[in-house]
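Below is the file query.cif, which contains mmCIF, C-alpha atoms.
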data_protein
loop_
_atom_site.group_PDB
_atom_site.id
_atom_site.type_symbol
_atom_site.label_atom_id
_atom_site.label_comp_id
_atom_site.auth_asym_id
_atom_site.auth_seq_id
_atom_site.Cartn_x
_atom_site.Cartn_y
_atom_site.Cartn_z
ATOM 1 C CA MET U 29 -15.238 17.575 1.320
ATOM 2 C CA ALA U 30 -11.855 18.693 -0.069
ATOM 3 C CA LYS U 31 -11.729 21.885 2.008
ATOM 4 C CA ASN U 32 -13.025 20.310 5.215
ATOM 5 C CA SER U 33 -11.630 18.069 7.911
ATOM 6 C CA VAL U 34 -11.421 14.355 7.230
ATOM 7 C CA VAL U 35 -12.746 12.126 10.010
ATOM 8 C CA ARG U 36 -12.750 8.337 9.751
ATOM 9 C CA ARG U 37 -13.837 5.788 12.279
ATOM 10 C CA LYS U 38 -12.958 2.115 12.120
ATOM 11 C CA GLY U 39 -14.702 0.661 9.079
ATOM 12 C CA ASP U 40 -15.290 4.030 7.368
ATOM 13 C CA GLY U 41 -13.964 4.934 3.931
ATOM 14 C CA ASP U 42 -13.129 2.927 0.847
ATOM 15 C CA ALA U 43 -11.436 -0.455 1.214
ATOM 16 C CA PHE U 44 -9.892 -2.705 -1.422
ATOM 17 C CA TRP U 45 -8.561 -6.235 -1.698
ATOM 18 C CA LEU U 46 -5.320 -6.498 -3.656
ATOM 19 C CA LEU U 47 -2.547 -9.106 -3.646
ATOM 20 C CA ASN U 48 -4.311 -10.991 -0.821
ATOM 21 C CA GLY U 49 -4.206 -7.856 1.373
ATOM 22 C CA LEU U 50 -6.708 -5.345 2.746
ATOM 23 C CA TYR U 51 -6.085 -1.684 1.820
ATOM 24 C CA GLU U 52 -8.257 0.887 3.639
ATOM 25 C CA VAL U 53 -8.299 4.562 2.649
ATOM 26 C CA LYS U 54 -8.262 6.787 5.731
ATOM 27 C CA ALA U 55 -7.860 10.048 3.767
ATOM 28 C CA SER U 56 -7.856 10.277 -0.026
ATOM 29 C CA GLY U 57 -5.921 12.700 -2.150
ATOM 30 C CA ASP U 58 -9.171 14.372 -3.186
ATOM 31 C CA GLU U 59 -10.174 14.848 0.464
ATOM 32 C CA THR U 60 -6.848 16.484 1.354
ATOM 33 C CA ASN U 61 -6.614 18.801 -1.669
ATOM 34 C CA GLY U 62 -3.914 16.517 -3.054
ATOM 35 C CA GLU U 63 -1.636 16.993 -0.054
ATOM 36 C CA MET U 64 -1.580 13.364 1.087
ATOM 37 C CA THR U 65 -3.186 9.946 1.041
ATOM 38 C CA VAL U 66 -3.322 8.004 4.300
ATOM 39 C CA MET U 67 -4.026 4.268 4.234
ATOM 40 C CA GLU U 68 -4.216 1.403 6.699
ATOM 41 C CA MET U 69 -2.960 -1.863 5.224
ATOM 42 C CA THR U 70 -3.246 -5.388 6.527
ATOM 43 C CA ILE U 71 -0.981 -7.739 4.577
ATOM 44 C CA PRO U 72 -0.535 -11.469 5.234
ATOM 45 C CA GLU U 73 2.824 -13.165 5.740
ATOM 46 C CA GLY U 74 4.563 -13.599 2.399
ATOM 47 C CA GLY U 75 2.476 -10.867 0.745
ATOM 48 C CA GLY U 76 3.419 -7.372 -0.260
ATOM 49 C CA PRO U 77 4.039 -5.519 -3.496
ATOM 50 C CA PRO U 78 6.758 -6.062 -6.069
ATOM 51 C CA PRO U 79 9.725 -3.667 -6.001
ATOM 52 C CA HIS U 80 8.527 -0.206 -7.015
ATOM 53 C CA ILE U 81 9.305 3.507 -7.041
ATOM 54 C CA HIS U 82 6.858 6.259 -6.041
ATOM 55 C CA PRO U 83 7.006 9.796 -7.403
ATOM 56 C CA GLY U 84 6.349 11.065 -3.851
ATOM 57 C CA THR U 85 7.385 10.164 -0.322
ATOM 58 C CA GLU U 86 6.047 7.271 1.722
ATOM 59 C CA SER U 87 6.015 7.142 5.532
ATOM 60 C CA VAL U 88 5.155 3.825 7.167
ATOM 61 C CA TYR U 89 4.240 3.114 10.791
ATOM 62 C CA VAL U 90 3.950 -0.558 11.801
ATOM 63 C CA VAL U 91 1.014 -1.105 14.167
ATOM 64 C CA GLU U 92 1.059 -4.921 14.434
ATOM 65 C CA GLY U 93 3.140 -7.766 13.039
ATOM 66 C CA THR U 94 6.600 -7.929 11.530
ATOM 67 C CA LEU U 95 8.169 -7.271 8.158
ATOM 68 C CA ARG U 96 11.391 -7.002 6.232
ATOM 69 C CA TYR U 97 11.703 -3.677 4.392
ATOM 70 C CA HIS U 98 13.982 -3.318 1.369
ATOM 71 C CA ILE U 99 14.811 0.362 0.799
ATOM 72 C CA GLY U 100 17.318 1.037 -1.948
ATOM 73 C CA ASN U 101 20.186 -1.386 -1.318
ATOM 74 C CA GLU U 102 19.471 -1.807 2.398
ATOM 75 C CA THR U 103 17.214 -4.227 4.289
ATOM 76 C CA PHE U 104 15.616 -3.493 7.654
ATOM 77 C CA GLU U 105 13.595 -5.633 10.053
ATOM 78 C CA GLY U 106 10.542 -3.991 11.583
ATOM 79 C CA GLY U 107 7.834 -4.688 14.127
ATOM 80 C CA PRO U 108 5.218 -2.816 16.154
ATOM 81 C CA GLY U 109 6.321 0.785 16.618
ATOM 82 C CA SER U 110 8.803 0.749 13.722
ATOM 83 C CA PHE U 111 8.740 3.719 11.371
ATOM 84 C CA PHE U 112 10.137 3.993 7.848
ATOM 85 C CA HIS U 113 10.329 7.137 5.684
ATOM 86 C CA ILE U 114 11.105 6.478 2.026
ATOM 87 C CA PRO U 115 12.079 9.490 -0.100
ATOM 88 C CA ALA U 116 10.563 10.010 -3.536
ATOM 89 C CA GLY U 117 12.302 8.081 -6.298
ATOM 90 C CA THR U 118 13.613 5.284 -4.027
ATOM 91 C CA LEU U 119 13.256 1.639 -5.085
ATOM 92 C CA GLU U 120 11.511 -0.198 -2.246
ATOM 93 C CA ARG U 121 9.401 -3.175 -1.243
ATOM 94 C CA TYR U 122 8.391 -4.931 1.950
ATOM 95 C CA GLU U 123 7.891 -8.562 2.881
ATOM 96 C CA PRO U 124 5.599 -9.317 5.820
ATOM 97 C CA THR U 125 7.170 -12.016 8.017
ATOM 98 C CA SER U 126 3.833 -12.310 9.846
ATOM 99 C CA THR U 127 0.488 -10.665 9.154
ATOM 100 C CA VAL U 128 1.322 -6.980 9.401
ATOM 101 C CA ARG U 129 -0.892 -3.933 9.884
ATOM 102 C CA MET U 130 0.565 -0.553 8.912
ATOM 103 C CA VAL U 131 -0.527 3.051 8.557
ATOM 104 C CA ILE U 132 1.062 4.657 5.498
ATOM 105 C CA THR U 133 1.104 8.310 4.498
ATOM 106 C CA TYR U 134 1.901 9.193 0.887
ATOM 107 C CA THR U 135 2.757 12.748 -0.150
ATOM 108 C CA PRO U 136 1.510 14.134 -2.379
ATOM 109 C CA GLY U 137 -1.887 12.466 -2.322
ATOM 110 C CA GLY U 138 -3.686 10.553 -5.032
ATOM 111 C CA ILE U 139 -2.157 7.077 -4.827
ATOM 112 C CA ASP U 140 -5.491 5.856 -3.454
ATOM 113 C CA LYS U 141 -6.706 5.965 -7.083
ATOM 114 C CA PHE U 142 -4.122 3.274 -7.947
ATOM 115 C CA PHE U 143 -5.515 0.978 -5.248
ATOM 116 C CA ALA U 144 -9.091 1.647 -6.405
ATOM 117 C CA GLU U 145 -8.191 0.692 -9.975
ATOM 118 C CA ALA U 146 -5.830 -2.212 -9.283
ATOM 119 C CA GLY U 147 -7.831 -3.781 -6.450
ATOM 120 C CA GLU U 148 -11.412 -4.832 -5.990
ATOM 121 C CA PRO U 149 -13.842 -3.395 -3.438
ATOM 122 C CA ALA U 150 -13.418 -5.283 -0.159
ATOM 123 C CA GLN U 151 -16.549 -7.221 0.750
ATOM 124 C CA ARG U 152 -15.534 -7.172 4.419
ATOM 125 C CA ARG U 153 -12.931 -5.345 6.525
ATOM 126 C CA GLU U 154 -10.719 -8.409 6.755
ATOM 127 C CA LEU U 155 -8.163 -10.175 4.629
ATOM 128 C CA PRO U 156 -9.695 -11.633 1.471
ATOM 129 C CA PRO U 157 -9.907 -15.369 0.924
ATOM 130 C CA PRO U 158 -6.494 -16.479 -0.404
ATOM 131 C CA SER U 159 -6.388 -16.434 -4.190
ATOM 132 C CA ASP U 160 -5.490 -19.644 -5.980
ATOM 133 C CA THR U 161 -4.465 -17.759 -9.130
ATOM 134 C CA ALA U 162 -1.320 -15.731 -9.677
ATOM 135 C CA PRO U 163 -1.772 -11.960 -9.775
ATOM 136 C CA ASP U 164 -1.881 -10.296 -13.187
ATOM 137 C CA VAL U 165 1.435 -8.525 -12.717
ATOM 138 C CA GLU U 166 1.468 -6.969 -16.188
ATOM 139 C CA ARG U 167 -1.940 -5.372 -15.486
ATOM 140 C CA MET U 168 -0.652 -4.016 -12.166
ATOM 141 C CA VAL U 169 2.468 -2.597 -13.874
ATOM 142 C CA GLU U 170 0.294 -0.812 -16.447
ATOM 143 C CA ILE U 171 -2.071 0.591 -13.805
ATOM 144 C CA GLY U 172 0.938 1.704 -11.762
ATOM 145 C CA ARG U 173 2.385 3.478 -14.787
ATOM 146 C CA ARG U 174 -0.848 5.454 -15.209
ATOM 147 C CA HIS U 175 -0.556 6.580 -11.579
ATOM 148 C CA GLY U 176 3.150 7.447 -11.661
ATOM 149 C CA ILE U 177 4.335 4.251 -9.942
ATOM 150 C CA ASP U 178 7.274 2.430 -11.523
ATOM 151 C CA MET U 179 6.697 -1.260 -10.666
ATOM 152 C CA ARG U 180 9.657 -3.544 -11.176
ATOM 153 C CA PRO U 181 8.495 -7.113 -10.592
ATOM 154 C CA LEU U 182 11.425 -9.481 -10.126
ATOM 155 C CA HIS U 183 10.367 -11.696 -13.042
ATOM 156 C CA LEU U 184 10.231 -8.681 -15.393
ATOM 157 C CA ALA U 185 13.486 -7.098 -14.191
#
Now, as a test, write the supplied structure out as structure tokens.
Amino acid sequence: MAKNSVVRRKGDGDAFWLLNGLYEVKASGDETNGEMTVMEMTIPEGGGPPPHIHPGTESVYVVEGTLRYHIGNETFEGGPGSFFHIPAGTLERYEPTSTVRMVITYTPGGIDKFFAEAGEPAQRRELPPPSDTAPDVERMVEIGRRHGIDMRPLHLA
């Protein structure tokens, strides 16, 4: 399908559970000839990734909920309708202050392969049951490294 249009309806495409969140692939890097990956993410309050750097750009549109976005040395509050564009090579992380749903575009594409490897296939299109075990951060750092993502968890910094 790499040279064709990509059409997704609600519930279509791959979906993964990772860090107590739901990560849905709307367009994979393979489907867009490597041009972009588009994902819809639903992340519970207090969730979100550790600080990290992408080799490409990240553009985030907040659909529902609120978050605090740390981009470089600045912090921004965001809610429905907020938009954030993070240039390649910028240290960033976000902290949902309520359950947040976002649409994120990564350029170039391919980061969906990180989520496929680091997460587990979602059994349902909803947040996973809360985990009672801490995430394997070292495993996530290693998987990120293989996909060009420089994860910098606070406890490893």
Take the PyMOL selection byres ((chain U and resi 42) around 7), apply it to the structure above, and return the hits as a compact mmCIF listing (two decimals) with C-alpha atoms, in the frame of the given file.
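The resulting file, selection.txt, is reproduced below:
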# COMPACT_ATOMS: atom_id res chain seq x y z
CA ASP U 40 -15.29 4.03 7.37
CA GLY U 41 -13.96 4.93 3.93
CA ALA U 43 -11.44 -0.46 1.21
CA PHE U 44 -9.89 -2.70 -1.42
CA GLU U 52 -8.26 0.89 3.64
CA VAL U 53 -8.30 4.56 2.65
Using all atoms listed in the file, find the one residue out of U:Val91, U:Ile81, U:Leu46, U:Val35 that sits nearest to Gly172 of chain U.
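The closest residue to Gly172 of chain U is U:Ile81.
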Contacts of Ala150 of chain U at 8 Å or less, counting all atoms listed in the file, minus same-chain residues fewer than 2 places along, as a PyMOL selection string?
chain U and resi 43-45+50+148+152-153+156
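Distance annotation: of U:Glu86, U:Glu92, U:Glu105, U:Glu123, the residue with the minimal separation from Gly74 of chain U is U:Glu123; atom set is all atoms listed in the file.
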Using the chain letters and numbers from the file, give me the residues hit by the PyMOL selection byres ((chain U and resi 180) around 12), as a ChimeraX atom specification.
/U:77-82,119-121,165-166,168-170,172-173,177-179,181-185
Which residues of segment 36-67 of chain U have any atom within 7 Å of an atom in segment 132-146 of chain U when counting all atoms listed in the file, and what is the closest pair of atoms for each, with the distance in Å to one decimal? Order the rows by chain and rising number and write it as CSV.
residue,atom,partner,partner_atom,distance
U:Phe44,CA,U:Ala144,CA,6.7
U:Val53,CA,U:Asp140,CA,6.8
U:Ser56,CA,U:Asp140,CA,6.1
U:Gly57,CA,U:Gly137,CA,4.0
U:Asp58,CA,U:Gly138,CA,6.9
U:Gly62,CA,U:Gly137,CA,4.6
U:Glu63,CA,U:Pro136,CA,4.8
U:Met64,CA,U:Gly137,CA,3.5
U:Thr65,CA,U:Gly137,CA,4.4
U:Val66,CA,U:Thr133,CA,4.4
U:Met67,CA,U:Ile132,CA,5.3
Where's the centre, and what are the edge lengths in Å to one decimal, of a box along x, y and z enclosing all listed atoms of segment 74-78 of chain U padded 3 Å per side, as lines of an AutoDock Vina configuration file?
center_x = 4.6
center_y = -9.6
center_z = -1.8
size_x = 10.3
size_y = 14.1
size_z = 14.5
Go ahead and compute the interatomic distance for atom CA of Gly176 of chain U and atom CA of Gly147 of chain U, in Å to one decimal.
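We find that atom CA of Gly176 of chain U and atom CA of Gly147 of chain U lie 16.5 Å from each other.
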Step by step, work through what the PyMOL selection byres ((chain U and resi 122) around 12) selects in the shown file, and finish by giving those residues as a ChimeraX atom specification.
/U:71-80,88,90,94-100,102-106,112,114,119-121,123-126,128,130
So how many Å separate atom CA of Gly107 of chain U and atom CA of Glu68 of chain U, to one decimal?
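Computed distance, atom CA of Gly107 of chain U to atom CA of Glu68 of chain U, equals 15.4 Å.
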Which residue is closest to Gly117 of chain U? Choose from U:Gly93, U:Ala162, U:Gly84, U:Pro149 and count all atoms listed in the file.
U:Gly84
Could I see segment 132-143 of chain U restored to all heavy atoms, set down as a short mmCIF file (atom, residue, chain, number, x, y, z; two decimals), in the coordinates of the input?
data_model
loop_
_atom_site.label_atom_id
_atom_site.label_comp_id
_atom_site.auth_asym_id
_atom_site.auth_seq_id
_atom_site.Cartn_x
_atom_site.Cartn_y
_atom_site.Cartn_z
N ILE U 132 0.12 4.09 6.46
CA ILE U 132 1.06 4.66 5.50
C ILE U 132 0.54 6.00 5.01
O ILE U 132 -0.62 6.13 4.63
CB ILE U 132 1.27 3.70 4.31
CG1 ILE U 132 1.78 2.34 4.83
CG2 ILE U 132 2.23 4.29 3.29
CD1 ILE U 132 2.02 1.30 3.78
N THR U 133 1.43 6.99 5.01
CA THR U 133 1.10 8.31 4.50
C THR U 133 1.94 8.55 3.25
O THR U 133 3.16 8.42 3.28
CB THR U 133 1.41 9.40 5.55
OG1 THR U 133 0.64 9.14 6.72
CG2 THR U 133 1.06 10.78 5.01
N TYR U 134 1.26 8.88 2.16
CA TYR U 134 1.90 9.19 0.89
C TYR U 134 1.74 10.69 0.63
O TYR U 134 0.65 11.23 0.79
CB TYR U 134 1.22 8.44 -0.26
CG TYR U 134 1.28 6.95 -0.17
CD1 TYR U 134 0.22 6.24 0.38
CD2 TYR U 134 2.37 6.24 -0.66
CE1 TYR U 134 0.25 4.85 0.45
CE2 TYR U 134 2.40 4.85 -0.60
CZ TYR U 134 1.34 4.17 -0.05
OH TYR U 134 1.37 2.80 0.01
N THR U 135 2.84 11.35 0.24
CA THR U 135 2.76 12.75 -0.15
C THR U 135 3.47 12.92 -1.49
O THR U 135 4.56 12.37 -1.66
CB THR U 135 3.40 13.68 0.90
OG1 THR U 135 4.73 13.28 1.14
CG2 THR U 135 2.63 13.66 2.20
N PRO U 136 2.86 13.59 -2.44
CA PRO U 136 1.51 14.13 -2.38
C PRO U 136 0.46 13.02 -2.41
O PRO U 136 0.79 11.85 -2.56
CB PRO U 136 1.43 15.02 -3.62
CG PRO U 136 2.38 14.39 -4.58
CD PRO U 136 3.49 13.82 -3.74
N GLY U 137 -0.79 13.42 -2.31
CA GLY U 137 -1.89 12.47 -2.32
C GLY U 137 -2.26 12.02 -3.72
O GLY U 137 -1.76 12.53 -4.72
N GLY U 138 -3.15 11.04 -3.77
CA GLY U 138 -3.69 10.55 -5.03
C GLY U 138 -3.42 9.09 -5.31
O GLY U 138 -4.06 8.50 -6.17
N ILE U 139 -2.49 8.48 -4.57
CA ILE U 139 -2.16 7.08 -4.83
C ILE U 139 -3.34 6.15 -4.52
O ILE U 139 -3.41 5.03 -5.01
CB ILE U 139 -0.89 6.65 -4.06
CG1 ILE U 139 -0.34 5.34 -4.64
CG2 ILE U 139 -1.17 6.54 -2.57
CD1 ILE U 139 1.04 4.98 -4.14
N ASP U 140 -4.30 6.65 -3.74
CA ASP U 140 -5.49 5.86 -3.45
C ASP U 140 -6.22 5.48 -4.74
O ASP U 140 -6.87 4.43 -4.81
CB ASP U 140 -6.43 6.61 -2.51
CG ASP U 140 -6.67 8.04 -2.94
OD1 ASP U 140 -5.76 8.87 -2.81
OD2 ASP U 140 -7.79 8.34 -3.41
N LYS U 141 -6.07 6.28 -5.80
CA LYS U 141 -6.71 5.96 -7.08
C LYS U 141 -6.07 4.73 -7.72
O LYS U 141 -6.74 3.97 -8.42
CB LYS U 141 -6.65 7.17 -8.01
CG LYS U 141 -7.52 8.30 -7.49
CD LYS U 141 -7.44 9.54 -8.34
CE LYS U 141 -8.32 10.62 -7.72
NZ LYS U 141 -8.27 11.86 -8.46
N PHE U 142 -4.77 4.51 -7.48
CA PHE U 142 -4.12 3.27 -7.95
C PHE U 142 -4.77 2.06 -7.29
O PHE U 142 -5.12 1.09 -7.96
CB PHE U 142 -2.62 3.30 -7.64
CG PHE U 142 -2.00 1.93 -7.73
CD1 PHE U 142 -1.67 1.37 -8.95
CD2 PHE U 142 -1.77 1.18 -6.58
CE1 PHE U 142 -1.13 0.08 -9.04
CE2 PHE U 142 -1.23 -0.10 -6.64
CZ PHE U 142 -0.91 -0.64 -7.88
N PHE U 143 -4.94 2.12 -5.97
CA PHE U 143 -5.52 0.98 -5.25
C PHE U 143 -6.96 0.73 -5.68
O PHE U 143 -7.38 -0.42 -5.81
CB PHE U 143 -5.42 1.19 -3.74
CG PHE U 143 -4.00 1.15 -3.24
CD1 PHE U 143 -3.30 2.31 -3.00
CD2 PHE U 143 -3.35 -0.06 -3.04
CE1 PHE U 143 -1.98 2.29 -2.56
CE2 PHE U 143 -2.03 -0.11 -2.60
CZ PHE U 143 -1.35 1.07 -2.37
#
